[in-house]
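A.B. asks: I am attaching a structure below and will ask some questions about it afterwards.
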Amino acid sequence: MTDNPSPKLEQIAVHTINNGIQIIAISNIIYLKSDHKKTIISLKNSDEVFASKSIGAFEILLKNNEFFRVHKSYIVNLEHLISIDKNLNGHYCLLYNNKIIPISVRKYRVVKERLEY
């Protein structure tokens, strides 16, 4: 018996904090940010979706897509990554919308390995 990897998701249904459900195309997600036990999903059109699930739940949901948890508070869509740079505060990701996301010291090496071919 062989294990088939789960397919990449095209879209997800997100339960919002106002008890609604919003369908979001994976390609439109730039990054996710932890907000206590909720998650803020930042989209390409600059909209934000306030989800009722924790960032850990999204990390599991998106594990087969090009998403990577670069910090305890952030998951980035690697498809929208422009560069990884360093300043006095440490390493960070520069994303599609010119958003700067910190990379934790512990995650930097793993991120770098994931991106190298």
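Order determines the names: the first chain of the structure tokens is A, the second B, and so forth; residues in each chain are numbered 1 upward, and ligands are numbered 1 upward as they are shown.
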Which residues are near segment 21-34 of chain A? Cut-off 7 Å, only C-alpha atoms, ignore same chain within fewer than 2 positions. Put them as a list of chain:residue names.
C.D. replies: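 Once the adjacent positions are removed, what remains is A:Leu9, A:Glu10, A:Gln11, A:Ile12, A:Ala13, A:Val14, A:His15, A:Thr16, A:Asn19, A:His36, A:Lys38, A:Thr39, A:Ile40, A:Ile41, A:Ser42, A:Leu43, A:Lys44, A:Ser54, A:Ile55, A:Ser73, A:Tyr74, A:Ile75, A:Val76, A:Asn77, A:His80.
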A.B. asks: Please produce a file of those selected residues containing N, CA and C atoms, as a JSON list (two decimals), in the first residue's frame.
C.D. replies:
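What follows is the written file out_31.json:
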```json
[["chain", "number", "residue", "atom", "x", "y", "z"],
["A", 9, "LEU", "N", -4.00, 22.44, -2.58],
["A", 9, "LEU", "CA", -5.31, 23.07, -2.55],
["A", 9, "LEU", "C", -5.38, 24.22, -3.54],
["A", 10, "GLU", "N", -6.51, 24.40, -4.16],
["A", 10, "GLU", "CA", -6.74, 25.54, -5.06],
["A", 10, "GLU", "C", -7.38, 26.70, -4.30],
["A", 11, "GLN", "N", -8.23, 26.34, -3.33],
["A", 11, "GLN", "CA", -8.91, 27.36, -2.53],
["A", 11, "GLN", "C", -9.26, 26.76, -1.18],
["A", 12, "ILE", "N", -9.56, 27.65, -0.22],
["A", 12, "ILE", "CA", -9.96, 27.19, 1.10],
["A", 12, "ILE", "C", -11.21, 27.95, 1.53],
["A", 13, "ALA", "N", -11.99, 27.30, 2.37],
["A", 13, "ALA", "CA", -13.16, 27.93, 2.98],
["A", 13, "ALA", "C", -12.74, 28.37, 4.38],
["A", 14, "VAL", "N", -12.83, 29.67, 4.63],
["A", 14, "VAL", "CA", -12.36, 30.22, 5.90],
["A", 14, "VAL", "C", -13.55, 30.68, 6.73],
["A", 15, "HIS", "N", -13.62, 30.18, 7.94],
["A", 15, "HIS", "CA", -14.63, 30.64, 8.90],
["A", 15, "HIS", "C", -14.14, 31.96, 9.47],
["A", 16, "THR", "N", -14.91, 33.02, 9.24],
["A", 16, "THR", "CA", -14.50, 34.34, 9.69],
["A", 16, "THR", "C", -14.97, 34.59, 11.12],
["A", 19, "ASN", "N", -18.69, 34.77, 12.06],
["A", 19, "ASN", "CA", -19.45, 33.54, 11.81],
["A", 19, "ASN", "C", -19.84, 33.33, 10.36],
["A", 36, "HIS", "N", -3.55, 36.38, 18.42],
["A", 36, "HIS", "CA", -4.01, 35.60, 19.57],
["A", 36, "HIS", "C", -4.44, 34.22, 19.06],
["A", 38, "LYS", "N", -6.70, 33.76, 16.78],
["A", 38, "LYS", "CA", -7.29, 33.99, 15.46],
["A", 38, "LYS", "C", -6.15, 34.21, 14.47],
["A", 39, "THR", "N", -6.51, 34.32, 13.18],
["A", 39, "THR", "CA", -5.51, 34.55, 12.15],
["A", 39, "THR", "C", -5.98, 35.62, 11.19],
["A", 40, "ILE", "N", -5.08, 36.52, 10.83],
["A", 40, "ILE", "CA", -5.36, 37.53, 9.82],
["A", 40, "ILE", "C", -4.72, 37.05, 8.52],
["A", 41, "ILE", "N", -5.54, 36.93, 7.48],
["A", 41, "ILE", "CA", -5.06, 36.48, 6.17],
["A", 41, "ILE", "C", -4.96, 37.70, 5.26],
["A", 42, "SER", "N", -3.77, 38.00, 4.79],
["A", 42, "SER", "CA", -3.53, 39.15, 3.93],
["A", 42, "SER", "C", -3.57, 38.70, 2.46],
["A", 43, "LEU", "N", -4.38, 39.38, 1.66],
["A", 43, "LEU", "CA", -4.60, 38.99, 0.27],
["A", 43, "LEU", "C", -3.91, 39.94, -0.71],
["A", 44, "LYS", "N", -3.77, 39.49, -1.96],
["A", 44, "LYS", "CA", -3.11, 40.28, -3.01],
["A", 44, "LYS", "C", -3.78, 41.63, -3.24],
["A", 54, "SER", "N", -6.75, 29.27, 14.56],
["A", 54, "SER", "CA", -5.38, 29.66, 14.92],
["A", 54, "SER", "C", -4.45, 29.49, 13.72],
["A", 55, "ILE", "N", -3.30, 30.12, 13.80],
["A", 55, "ILE", "CA", -2.31, 30.01, 12.72],
["A", 55, "ILE", "C", -1.80, 28.57, 12.60],
["A", 73, "SER", "N", 4.60, 33.86, 14.52],
["A", 73, "SER", "CA", 3.40, 34.64, 14.21],
["A", 73, "SER", "C", 3.08, 34.74, 12.72],
["A", 74, "TYR", "N", 3.92, 34.19, 11.84],
["A", 74, "TYR", "CA", 3.73, 34.40, 10.40],
["A", 74, "TYR", "C", 3.93, 33.13, 9.58],
["A", 75, "ILE", "N", 3.06, 32.96, 8.59],
["A", 75, "ILE", "CA", 3.23, 31.98, 7.53],
["A", 75, "ILE", "C", 3.21, 32.77, 6.22],
["A", 76, "VAL", "N", 4.20, 32.53, 5.35],
["A", 76, "VAL", "CA", 4.24, 33.26, 4.09],
["A", 76, "VAL", "C", 4.00, 32.31, 2.92],
["A", 77, "ASN", "N", 3.41, 32.86, 1.87],
["A", 77, "ASN", "CA", 3.23, 32.13, 0.62],
["A", 77, "ASN", "C", 4.51, 32.34, -0.18],
["A", 80, "HIS", "N", 4.87, 34.31, -3.40],
["A", 80, "HIS", "CA", 4.86, 35.78, -3.40],
["A", 80, "HIS", "C", 6.11, 36.37, -2.73]]
```
A.B. asks: Taking the DSSP secondary structure from the backbone, can you list the residues of segment 28-109 of chain A that are alpha helix (DSSP H), as a list in words?
C.D. replies: Ile55, Gly56, Ala57, Phe58, Glu59, Ile60, Leu61, Val105, Arg106, Lys107, Tyr108 and Arg109 of chain A
